[in-house]
file protein11.cif (mmCIF, C-alpha atoms)
data_my_file
#
loop_
_atom_site.group_PDB
_atom_site.id
_atom_site.type_symbol
_atom_site.label_atom_id
_atom_site.label_comp_id
_atom_site.auth_asym_id
_atom_site.auth_seq_id
_atom_site.Cartn_x
_atom_site.Cartn_y
_atom_site.Cartn_z
ATOM 1 C CA MET I 22 145.857 -171.172 70.763
ATOM 2 C CA SER I 23 144.292 -173.782 73.045
ATOM 3 C CA ASN I 24 144.361 -176.568 70.481
ATOM 4 C CA GLU I 25 148.033 -176.303 69.637
ATOM 5 C CA SER I 26 150.135 -179.462 69.803
ATOM 6 C CA ASN I 27 153.196 -179.848 72.011
ATOM 7 C CA HIS I 28 155.385 -179.906 68.898
ATOM 8 C CA SER I 29 153.951 -176.564 67.793
ATOM 9 C CA ILE I 30 154.538 -175.021 71.255
ATOM 10 C CA GLU I 31 158.135 -176.292 71.327
ATOM 11 C CA HIS I 32 158.646 -174.686 67.914
ATOM 12 C CA HIS I 33 157.228 -171.432 69.357
ATOM 13 C CA ILE I 34 159.709 -171.585 72.258
ATOM 14 C CA GLN I 35 162.665 -171.671 69.840
ATOM 15 C CA THR I 36 161.217 -168.613 68.103
ATOM 16 C CA TYR I 37 160.807 -166.778 71.442
ATOM 17 C CA ILE I 38 164.479 -167.344 72.285
ATOM 18 C CA ARG I 39 165.585 -166.072 68.842
ATOM 19 C CA VAL I 40 163.371 -162.973 69.235
ATOM 20 C CA PHE I 41 164.780 -162.398 72.736
ATOM 21 C CA ILE I 42 168.365 -162.468 71.377
ATOM 22 C CA ALA I 43 167.379 -160.150 68.502
ATOM 23 C CA LEU I 44 165.786 -157.666 70.949
ATOM 24 C CA GLY I 45 168.929 -157.670 73.117
ATOM 25 C CA VAL I 46 171.207 -157.089 70.119
ATOM 26 C CA LEU I 47 168.949 -154.309 68.788
ATOM 27 C CA THR I 48 168.981 -152.600 72.211
ATOM 28 C CA VAL I 49 172.803 -152.565 72.158
ATOM 29 C CA ILE I 50 172.714 -151.229 68.564
ATOM 30 C CA THR I 51 170.258 -148.460 69.635
ATOM 31 C CA VAL I 52 172.680 -147.297 72.332
ATOM 32 C CA LEU I 53 175.750 -147.527 70.027
ATOM 33 C CA VAL I 54 173.981 -145.616 67.228
ATOM 34 C CA SER I 55 173.239 -142.760 69.664
ATOM 35 C CA PHE I 56 177.009 -142.050 69.802
ATOM 36 C CA LEU I 57 177.183 -141.436 66.026
ATOM 37 C CA GLU I 58 177.887 -137.851 64.979
ATOM 38 C CA VAL I 59 174.753 -137.311 62.903
ATOM 39 C CA SER I 60 172.085 -134.617 62.721
ATOM 40 C CA PHE I 61 169.048 -134.775 65.023
ATOM 41 C CA ILE I 62 166.748 -135.775 62.150
ATOM 42 C CA GLU I 63 169.067 -138.652 61.150
ATOM 43 C CA ALA I 64 169.432 -139.778 64.783
ATOM 44 C CA PHE I 65 165.641 -139.581 65.221
ATOM 45 C CA PHE I 66 164.910 -141.738 62.184
ATOM 46 C CA LEU I 67 167.606 -144.274 63.142
ATOM 47 C CA ALA I 68 166.251 -144.584 66.700
ATOM 48 C CA ILE I 69 162.614 -144.806 65.583
ATOM 49 C CA THR I 70 163.455 -147.362 62.865
ATOM 50 C CA ILE I 71 165.229 -149.645 65.356
ATOM 51 C CA ALA I 72 162.429 -149.177 67.934
ATOM 52 C CA THR I 73 159.849 -150.020 65.237
ATOM 53 C CA ILE I 74 161.730 -153.226 64.331
ATOM 54 C CA LYS I 75 161.883 -154.184 68.038
ATOM 55 C CA GLY I 76 158.207 -153.311 68.513
ATOM 56 C CA SER I 77 157.222 -155.386 65.461
ATOM 57 C CA LEU I 78 159.099 -158.395 66.884
ATOM 58 C CA VAL I 79 157.257 -158.071 70.214
ATOM 59 C CA LEU I 80 153.871 -157.580 68.497
ATOM 60 C CA GLY I 81 154.399 -160.298 65.905
ATOM 61 C CA PHE I 82 155.894 -163.078 68.012
ATOM 62 C CA PHE I 83 155.329 -162.448 71.738
ATOM 63 C CA MET I 84 151.794 -161.116 71.180
ATOM 64 C CA HIS I 85 151.183 -163.697 68.397
ATOM 65 C CA LEU I 86 149.906 -161.061 65.984
ATOM 66 C CA ILE I 87 151.558 -162.931 63.119
ATOM 67 C CA SER I 88 148.924 -165.680 63.423
ATOM 68 C CA GLU I 89 146.059 -163.690 64.950
ATOM 69 C CA ARG I 90 142.433 -163.432 63.820
ATOM 70 C CA ALA I 91 141.156 -160.725 61.460
ATOM 71 C CA ALA I 92 139.048 -159.073 64.197
ATOM 72 C CA ILE I 93 142.200 -158.073 66.107
ATOM 73 C CA ILE I 94 144.018 -156.940 62.968
ATOM 74 C CA TRP I 95 141.098 -154.610 62.124
ATOM 75 C CA ILE I 96 141.025 -153.200 65.679
ATOM 76 C CA LEU I 97 144.723 -152.394 65.287
ATOM 77 C CA VAL I 98 144.294 -150.885 61.822
ATOM 78 C CA ALA I 99 141.586 -148.576 63.236
ATOM 79 C CA THR I 100 143.894 -147.743 66.172
ATOM 80 C CA ALA I 101 146.797 -146.961 63.833
ATOM 81 C CA VAL I 102 144.603 -144.575 61.803
ATOM 82 C CA ALA I 103 143.353 -142.851 64.986
ATOM 83 C CA PHE I 104 146.930 -142.661 66.308
ATOM 84 C CA ILE I 105 148.218 -140.994 63.126
ATOM 85 C CA ILE I 106 145.360 -138.447 63.281
ATOM 86 C CA LEU I 107 146.170 -137.842 66.969
ATOM 87 C CA MET I 108 149.830 -137.204 66.167
ATOM 88 C CA PHE I 109 148.927 -134.621 63.544
ATOM 89 C CA ILE I 110 146.093 -132.784 65.347
ATOM 90 C CA PRO I 111 148.556 -130.392 67.089
ATOM 91 C CA LEU I 112 149.830 -129.377 63.616
ATOM 92 C CA ILE I 113 146.568 -127.453 63.265
ATOM 93 C CA SER I 114 147.942 -125.033 65.851
ATOM 94 C CA VAL I 115 150.864 -124.299 63.490
ATOM 95 C CA THR I 116 148.615 -123.397 60.582
ATOM 96 C CA ASP I 117 145.870 -121.757 62.667
ATOM 97 C CA SER I 118 146.031 -117.982 62.295
ATOM 98 C CA THR I 119 143.198 -117.206 64.748
ATOM 99 C CA GLY I 120 144.156 -114.273 66.925
ATOM 100 C CA MET I 121 147.202 -113.457 64.817
ATOM 101 C CA TYR I 122 145.667 -110.464 63.068
ATOM 102 C CA MET Q 22 133.328 -173.941 85.156
ATOM 103 C CA SER Q 23 132.909 -170.291 84.323
ATOM 104 C CA SER Q 24 129.391 -168.897 84.149
ATOM 105 C CA ILE Q 25 130.495 -166.073 81.850
ATOM 106 C CA PRO Q 26 130.264 -167.278 78.241
ATOM 107 C CA TYR Q 27 133.182 -167.280 75.786
ATOM 108 C CA ILE Q 28 135.900 -166.697 78.376
ATOM 109 C CA ILE Q 29 137.868 -169.729 77.211
ATOM 110 C CA GLU Q 30 136.034 -171.010 74.140
ATOM 111 C CA GLU Q 31 135.985 -168.926 70.973
ATOM 112 C CA ARG Q 32 132.931 -167.020 69.842
ATOM 113 C CA PRO Q 33 131.788 -168.254 66.419
ATOM 114 C CA ASP Q 34 131.383 -164.735 64.999
ATOM 115 C CA THR Q 35 134.735 -163.209 66.028
ATOM 116 C CA GLY Q 36 136.764 -166.437 66.170
ATOM 117 C CA LEU Q 37 138.146 -165.189 69.509
ATOM 118 C CA ASN Q 38 137.313 -165.566 73.150
ATOM 119 C CA ASN Q 39 135.963 -162.421 74.814
ATOM 120 C CA SER Q 40 138.928 -162.113 77.190
ATOM 121 C CA LYS Q 41 141.412 -161.715 74.364
ATOM 122 C CA LEU Q 42 139.169 -159.415 72.320
ATOM 123 C CA GLY Q 43 138.539 -157.272 75.418
ATOM 124 C CA VAL Q 44 142.227 -156.942 76.224
ATOM 125 C CA TRP Q 45 143.081 -155.967 72.631
ATOM 126 C CA ILE Q 46 140.374 -153.257 72.665
ATOM 127 C CA PHE Q 47 141.762 -152.050 76.012
ATOM 128 C CA LEU Q 48 145.272 -151.976 74.509
ATOM 129 C CA ALA Q 49 143.923 -149.921 71.591
ATOM 130 C CA SER Q 50 142.735 -147.315 74.131
ATOM 131 C CA GLU Q 51 146.164 -147.472 75.784
ATOM 132 C CA VAL Q 52 147.806 -146.666 72.440
ATOM 133 C CA MET Q 53 145.729 -143.488 72.353
ATOM 134 C CA LEU Q 54 146.622 -142.629 75.970
ATOM 135 C CA PHE Q 55 150.369 -142.915 75.397
ATOM 136 C CA GLY Q 56 149.973 -141.578 71.854
ATOM 137 C CA GLY Q 57 148.588 -138.294 73.201
ATOM 138 C CA LEU Q 58 151.637 -137.909 75.442
ATOM 139 C CA PHE Q 59 154.065 -138.859 72.638
ATOM 140 C CA SER Q 60 152.375 -136.225 70.507
ATOM 141 C CA ALA Q 61 152.800 -133.714 73.366
ATOM 142 C CA TYR Q 62 156.504 -134.628 73.577
ATOM 143 C CA VAL Q 63 157.039 -134.011 69.837
ATOM 144 C CA PHE Q 64 155.366 -130.608 69.879
ATOM 145 C CA LEU Q 65 156.975 -129.495 73.139
ATOM 146 C CA ARG Q 66 160.333 -130.422 71.640
ATOM 147 C CA LEU Q 67 159.608 -128.539 68.424
ATOM 148 C CA ALA Q 68 158.612 -125.449 70.415
ATOM 149 C CA ALA Q 69 161.493 -125.633 72.922
ATOM 150 C CA PRO Q 70 164.469 -123.249 72.720
ATOM 151 C CA GLU Q 71 167.470 -124.599 70.764
ATOM 152 C CA GLY Q 72 169.423 -127.130 72.828
ATOM 153 C CA ASP Q 73 167.015 -127.103 75.803
ATOM 154 C CA PHE Q 74 165.907 -130.752 75.451
ATOM 155 C CA ASP Q 75 169.545 -131.831 74.795
ATOM 156 C CA TYR Q 76 170.707 -130.055 77.964
ATOM 157 C CA TRP Q 77 168.087 -131.630 80.249
ATOM 158 C CA GLY Q 78 168.120 -134.982 78.428
ATOM 159 C CA ALA Q 79 171.875 -135.287 79.119
ATOM 160 C CA LYS Q 80 171.068 -135.404 82.844
ATOM 161 C CA LEU Q 81 169.376 -138.807 82.456
ATOM 162 C CA ASN Q 82 171.217 -142.023 83.267
ATOM 163 C CA VAL Q 83 171.584 -144.048 80.012
ATOM 164 C CA PRO Q 84 173.280 -147.165 81.569
ATOM 165 C CA MET Q 85 170.447 -147.484 84.119
ATOM 166 C CA ALA Q 86 167.812 -147.138 81.391
ATOM 167 C CA THR Q 87 169.647 -149.664 79.165
ATOM 168 C CA PHE Q 88 169.687 -152.109 82.073
ATOM 169 C CA ASN Q 89 165.965 -151.505 82.580
ATOM 170 C CA THR Q 90 165.339 -152.138 78.870
ATOM 171 C CA MET Q 91 167.127 -155.487 79.194
ATOM 172 C CA LEU Q 92 165.046 -156.301 82.305
ATOM 173 C CA LEU Q 93 161.780 -155.624 80.483
ATOM 174 C CA ILE Q 94 162.839 -157.615 77.408
ATOM 175 C CA THR Q 95 163.798 -160.525 79.687
ATOM 176 C CA SER Q 96 160.471 -160.244 81.521
ATOM 177 C CA SER Q 97 158.630 -160.340 78.186
ATOM 178 C CA VAL Q 98 160.323 -163.556 77.079
ATOM 179 C CA THR Q 99 159.825 -165.230 80.486
ATOM 180 C CA MET Q 100 156.161 -164.150 80.396
ATOM 181 C CA VAL Q 101 155.580 -165.871 77.068
ATOM 182 C CA MET Q 102 157.610 -168.889 78.255
ATOM 183 C CA SER Q 103 155.332 -169.196 81.308
ATOM 184 C CA TRP Q 104 152.340 -169.377 78.963
ATOM 185 C CA ALA Q 105 154.107 -171.973 76.783
ATOM 186 C CA SER Q 106 154.928 -174.008 79.923
ATOM 187 C CA LEU Q 107 151.232 -174.162 80.839
ATOM 188 C CA LYS Q 108 150.429 -175.326 77.316
ATOM 189 C CA LEU Q 109 153.022 -178.092 77.777
ATOM 190 C CA ASN Q 110 151.451 -179.029 81.161
ATOM 191 C CA GLN Q 111 154.644 -178.031 82.994
ATOM 192 C CA PHE Q 112 153.246 -176.163 85.979
ATOM 193 C CA ASP Q 113 156.584 -176.022 87.861
ATOM 194 C CA LYS Q 114 158.230 -174.317 84.901
ATOM 195 C CA TYR Q 115 155.278 -171.942 84.670
ATOM 196 C CA LYS Q 116 155.861 -170.867 88.278
ATOM 197 C CA MET Q 117 159.597 -170.460 87.660
ATOM 198 C CA TYR Q 118 159.189 -168.335 84.517
ATOM 199 C CA LEU Q 119 156.451 -166.210 86.052
ATOM 200 C CA GLY Q 120 158.608 -165.781 89.161
ATOM 201 C CA VAL Q 121 161.461 -164.465 86.986
ATOM 202 C CA THR Q 122 158.998 -162.102 85.264
ATOM 203 C CA ILE Q 123 157.934 -160.755 88.676
ATOM 204 C CA LEU Q 124 161.575 -160.325 89.757
ATOM 205 C CA CYS Q 125 162.373 -158.421 86.544
ATOM 206 C CA ALA Q 126 159.366 -156.125 87.150
ATOM 207 C CA ILE Q 127 160.478 -155.464 90.742
ATOM 208 C CA GLY Q 128 164.041 -154.869 89.476
ATOM 209 C CA PHE Q 129 162.708 -152.347 86.945
ATOM 210 C CA LEU Q 130 160.862 -150.477 89.717
ATOM 211 C CA PHE Q 131 163.965 -150.436 91.926
ATOM 212 C CA VAL Q 132 166.105 -148.962 89.145
ATOM 213 C CA LYS Q 133 163.400 -146.385 88.430
ATOM 214 C CA TYR Q 134 163.238 -145.530 92.140
ATOM 215 C CA PHE Q 135 167.002 -144.872 92.194
ATOM 216 C CA GLU Q 136 166.730 -142.834 88.993
ATOM 217 C CA TYR Q 137 163.920 -140.665 90.369
ATOM 218 C CA THR Q 138 165.467 -140.171 93.818
ATOM 219 C CA GLY Q 139 168.823 -139.372 92.161
ATOM 220 C CA LYS Q 140 167.097 -136.603 90.218
ATOM 221 C CA PHE Q 141 165.314 -135.260 93.308
ATOM 222 C CA HIS Q 142 168.595 -135.387 95.259
ATOM 223 C CA HIS Q 143 170.135 -133.079 92.637
ATOM 224 C CA GLY Q 144 167.171 -130.722 92.815
ATOM 225 C CA VAL Q 145 165.676 -131.870 89.503
ATOM 226 C CA TYR Q 146 161.868 -132.099 89.592
ATOM 227 C CA PRO Q 147 159.059 -132.254 87.004
ATOM 228 C CA SER Q 148 158.744 -128.486 87.419
ATOM 229 C CA SER Q 149 162.449 -127.920 86.609
ATOM 230 C CA SER Q 150 161.965 -127.778 82.835
ATOM 231 C CA THR Q 151 159.588 -128.714 80.015
ATOM 232 C CA PHE Q 152 161.728 -131.777 79.257
ATOM 233 C CA MET Q 153 161.625 -132.966 82.870
ATOM 234 C CA GLY Q 154 157.853 -132.339 82.956
ATOM 235 C CA ILE Q 155 157.195 -134.633 79.988
ATOM 236 C CA TYR Q 156 159.915 -137.101 81.131
ATOM 237 C CA PHE Q 157 158.305 -137.612 84.556
ATOM 238 C CA THR Q 158 154.796 -137.728 83.053
ATOM 239 C CA LEU Q 159 155.662 -140.378 80.436
ATOM 240 C CA THR Q 160 157.878 -142.545 82.659
ATOM 241 C CA GLY Q 161 155.552 -142.070 85.680
ATOM 242 C CA LEU Q 162 152.547 -143.288 83.684
ATOM 243 C CA HIS Q 163 154.656 -146.209 82.469
ATOM 244 C CA VAL Q 164 155.704 -147.053 86.041
ATOM 245 C CA LEU Q 165 152.014 -147.059 87.074
ATOM 246 C CA HIS Q 166 151.399 -149.603 84.305
ATOM 247 C CA ILE Q 167 154.296 -151.739 85.589
ATOM 248 C CA ILE Q 168 152.849 -151.629 89.135
ATOM 249 C CA GLY Q 169 149.366 -152.561 87.858
ATOM 250 C CA GLY Q 170 150.789 -155.469 85.843
ATOM 251 C CA LEU Q 171 152.905 -156.594 88.791
ATOM 252 C CA VAL Q 172 149.804 -156.898 91.018
ATOM 253 C CA VAL Q 173 148.167 -159.208 88.461
ATOM 254 C CA LEU Q 174 151.380 -161.202 87.930
ATOM 255 C CA ILE Q 175 151.777 -161.785 91.684
ATOM 256 C CA TYR Q 176 148.123 -162.863 91.927
ATOM 257 C CA LEU Q 177 148.688 -165.391 89.133
ATOM 258 C CA TRP Q 178 151.766 -166.712 90.961
ATOM 259 C CA THR Q 179 150.080 -167.303 94.338
ATOM 260 C CA ARG Q 180 148.132 -170.329 95.588
ATOM 261 C CA GLN Q 181 145.147 -169.017 93.638
ATOM 262 C CA ALA Q 182 147.006 -170.113 90.513
ATOM 263 C CA ASP Q 183 147.689 -173.569 92.006
ATOM 264 C CA LYS Q 184 143.972 -173.891 92.741
ATOM 265 C CA MET Q 185 142.968 -172.669 89.292
ATOM 266 C CA TRP Q 186 145.443 -175.060 87.646
ATOM 267 C CA LYS Q 187 143.823 -178.021 89.434
ATOM 268 C CA GLU Q 188 140.238 -176.912 88.812
ATOM 269 C CA ASN Q 189 140.396 -175.307 85.379
ATOM 270 C CA PRO Q 190 143.819 -175.308 83.653
ATOM 271 C CA ASP Q 191 142.445 -173.764 80.444
ATOM 272 C CA LEU Q 192 141.177 -170.763 82.419
ATOM 273 C CA LEU Q 193 144.630 -170.202 83.952
ATOM 274 C CA ALA Q 194 146.341 -170.520 80.538
ATOM 275 C CA ASN Q 195 143.870 -168.042 79.103
ATOM 276 C CA ARG Q 196 144.441 -165.550 81.922
ATOM 277 C CA ILE Q 197 148.186 -165.825 81.512
ATOM 278 C CA GLU Q 198 147.842 -165.248 77.764
ATOM 279 C CA VAL Q 199 145.805 -162.054 78.151
ATOM 280 C CA THR Q 200 147.978 -160.808 81.043
ATOM 281 C CA GLY Q 201 150.944 -161.474 78.758
ATOM 282 C CA LEU Q 202 149.374 -159.304 76.032
ATOM 283 C CA TYR Q 203 149.203 -156.413 78.506
ATOM 284 C CA TRP Q 204 152.739 -157.064 79.767
ATOM 285 C CA HIS Q 205 154.197 -157.132 76.243
ATOM 286 C CA PHE Q 206 152.418 -153.860 75.529
ATOM 287 C CA VAL Q 207 154.089 -152.264 78.570
ATOM 288 C CA ASP Q 208 157.419 -153.535 77.184
ATOM 289 C CA LEU Q 209 156.490 -152.134 73.760
ATOM 290 C CA VAL Q 210 155.852 -148.660 75.208
ATOM 291 C CA TRP Q 211 159.260 -148.713 76.934
ATOM 292 C CA ILE Q 212 160.938 -149.736 73.645
ATOM 293 C CA PHE Q 213 159.839 -146.349 72.259
ATOM 294 C CA LEU Q 214 160.266 -144.322 75.466
ATOM 295 C CA PHE Q 215 163.895 -145.392 75.907
ATOM 296 C CA PRO Q 216 165.402 -143.902 72.730
ATOM 297 C CA ILE Q 217 163.095 -140.880 72.635
ATOM 298 C CA LEU Q 218 163.793 -139.730 76.218
ATOM 299 C CA TYR Q 219 167.287 -141.047 76.914
ATOM 300 C CA LEU Q 220 169.134 -141.173 73.597
ATOM 301 C CA LEU Q 221 167.847 -138.349 71.399
#
call {"tool": "encode", "arguments": {"input": "protein11.cif", "output": "structure tokens"}}
result
Amino acid sequence: MSNESNHSIEHHIQTYIRVFIALGVLTVITVLVSFLEVSFIEAFFLAITIATIKGSLVLGFFMHLISERAAIIWILVATAVAFIILMFIPLISVTDSTGMY
Amino acid sequence: MSSIPYIIEERPDTGLNNSKLGVWIFLASEVMLFGGLFSAYVFLRLAAPEGDFDYWGAKLNVPMATFNTMLLITSSVTMVMSWASLKLNQFDKYKMYLGVTILCAIGFLFVKYFEYTGKFHHGVYPSSSTFMGIYFTLTGLHVLHIIGGLVVLIYLWTRQADKMWKENPDLLANRIEVTGLYWHFVDLVWIFLFPILYLL
């Protein structure tokens, strides 16, 4: 990013302010949505969807991932795969019948 | 200035400087650290008696956590603005934005302190329930990350930064950029912790 022009940086600043407003609004929406009379599964997916949108805004614009090099994208793809595996490893304990019989 | 190669300039093979690549790899390991605990939360919740997590979760202070979310979001935008200020050669603005970032981080810690002591005052401890165990573990680890980040932020706000700005402005901008990556990640973790622990 060291070769960016002043004009480009000023354009970035406008984007940062828009993202900041969006994050604030989404935080208020997250809290308001939690008052809805819905099932746990529906509430879970609503909360995670909004958090994912907020997280994508932070990653994309504040962390500049939207214009980042391929090396970083591939590190994150590998991390995402490892993360998904990590989240599902405990499921093995559900299907594991060792010691049950 | 720096004797370590590719700290500021980009490596031809990766197209990145080593500082940024190193921080991203570190953040990847952080995803796995928090990921393991998120995974633990999901499976503890699935195994908990009906209504147990709701009962203990209702004891948490949502307005305080919402305020803390706003503080961290504000600190994220001021962090990136401090970097942009350096790129625009506006060192005074850099100091102002970084100062606000530091204040937001201290504010976050204060709110967390009142939250924790409020719980202890009411006899609620990590050992009180499974929910409180995972709540204190997740938020405690997050607080440690805030404290670690705060130390670096304060260092980059002191006279060391003034000196670095005079001697090697690109080095300071680079350090602020990679510190910012870490800081945004800490914000990102909180974005997920907040609804999962306080609202669900």
call {"tool": "resolve_selection", "arguments": {"input": "protein11.cif", "expression": "the PyMOL selection byres ((chain I) within 6 of (chain Q))", "output": "VMD selection string"}}
result
chain I and resid 55 72 76 84 100 108
call {"tool": "closest_residue", "arguments": {"input": "protein11.cif", "among": "I:Ala68, I:Ser77, I:Ile113, I:His33", "to": "Val49 in chain I", "atoms": "all atoms listed in the file"}}
result
I:Ala68
call {"tool": "atom_distance", "arguments": {"input": "protein11.cif", "atom1": "CA of Val173 in chain Q", "atom2": "CA of Leu193 in chain Q"}}
result
12.4 Å
call {"tool": "resolve_selection", "arguments": {"input": "protein11.cif", "expression": "the PyMOL selection byres ((chain Q and resi 177) around 10)", "output": "list in words"}}
result
Lys116, Leu119, Gly120, Leu171, Val172, Val173, Leu174, Ile175, Tyr176, Trp178, Thr179, Arg180, Gln181, Ala182, Asp183, Met185, Leu193, Arg196, Ile197 and Thr200 of chain Q
call {"tool": "resolve_selection", "arguments": {"input": "protein11.cif", "expression": "the PyMOL selection byres ((chain Q and resi 126-133) around 7)", "output": "PyMOL selection string"}}
result
chain Q and resi 85+89+92+122-125+134-137+167+171
call {"tool": "closest_residue", "arguments": {"input": "protein11.cif", "among": "Q:Ile168, Q:Met153, Q:Val207, Q:Leu67", "to": "Ala79 in chain Q", "atoms": "all atoms listed in the file"}}
result
Q:Met153
call {"tool": "atom_distance", "arguments": {"input": "protein11.cif", "atom1": "CA of Leu65 in chain Q", "atom2": "CA of Thr151 in chain Q"}}
result
7.4 Å
call {"tool": "atom_distance", "arguments": {"input": "protein11.cif", "atom1": "CA of Phe109 in chain I", "atom2": "CA of Thr160 in chain Q"}}
result
22.5 Å
call {"tool": "closest_residue", "arguments": {"input": "protein11.cif", "among": "Q:Val44, Q:Leu218, Q:Ile25, Q:Leu81", "to": "Ile96 in chain I", "atoms": "all atoms listed in the file"}}
result
Q:Val44
call {"tool": "build_atoms", "arguments": {"input": "protein11.cif", "residues": "range 62-73 of chain I", "atoms": "N, CA and C atoms", "output": "mmCIF file, in the frame of the given file"}}
result
data_model
loop_
_atom_site.group_PDB
_atom_site.id
_atom_site.type_symbol
_atom_site.label_atom_id
_atom_site.label_comp_id
_atom_site.auth_asym_id
_atom_site.auth_seq_id
_atom_site.Cartn_x
_atom_site.Cartn_y
_atom_site.Cartn_z
ATOM 1 N N ILE I 62 167.745 -135.079 62.989
ATOM 2 C CA ILE I 62 166.748 -135.775 62.150
ATOM 3 C C ILE I 62 167.216 -137.188 61.823
ATOM 4 N N GLU I 63 168.523 -137.313 61.473
ATOM 5 C CA GLU I 63 169.067 -138.652 61.150
ATOM 6 C C GLU I 63 169.028 -139.551 62.387
ATOM 7 N N ALA I 64 169.437 -138.995 63.530
ATOM 8 C CA ALA I 64 169.432 -139.778 64.783
ATOM 9 C C ALA I 64 168.010 -140.210 65.135
ATOM 10 N N PHE I 65 167.048 -139.292 64.914
ATOM 11 C CA PHE I 65 165.641 -139.581 65.221
ATOM 12 C C PHE I 65 165.141 -140.748 64.372
ATOM 13 N N PHE I 66 165.410 -140.671 63.064
ATOM 14 C CA PHE I 66 164.910 -141.738 62.184
ATOM 15 C C PHE I 66 165.602 -143.076 62.456
ATOM 16 N N LEU I 67 166.901 -143.035 62.788
ATOM 17 C CA LEU I 67 167.606 -144.274 63.142
ATOM 18 C C LEU I 67 166.982 -144.904 64.384
ATOM 19 N N ALA I 68 166.792 -144.074 65.428
ATOM 20 C CA ALA I 68 166.251 -144.584 66.700
ATOM 21 C C ALA I 68 164.837 -145.121 66.520
ATOM 22 N N ILE I 69 164.001 -144.371 65.773
ATOM 23 C CA ILE I 69 162.614 -144.806 65.583
ATOM 24 C C ILE I 69 162.546 -146.068 64.722
ATOM 25 N N THR I 70 163.442 -146.165 63.721
ATOM 26 C CA THR I 70 163.455 -147.362 62.865
ATOM 27 C C THR I 70 163.789 -148.595 63.695
ATOM 28 N N ILE I 71 164.838 -148.489 64.531
ATOM 29 C CA ILE I 71 165.229 -149.645 65.356
ATOM 30 C C ILE I 71 164.122 -149.980 66.355
ATOM 31 N N ALA I 72 163.528 -148.939 66.973
ATOM 32 C CA ALA I 72 162.429 -149.177 67.934
ATOM 33 C C ALA I 72 161.239 -149.837 67.238
ATOM 34 N N THR I 73 160.971 -149.430 65.977
ATOM 35 C CA THR I 73 159.849 -150.020 65.237
ATOM 36 C C THR I 73 160.115 -151.495 64.936
#
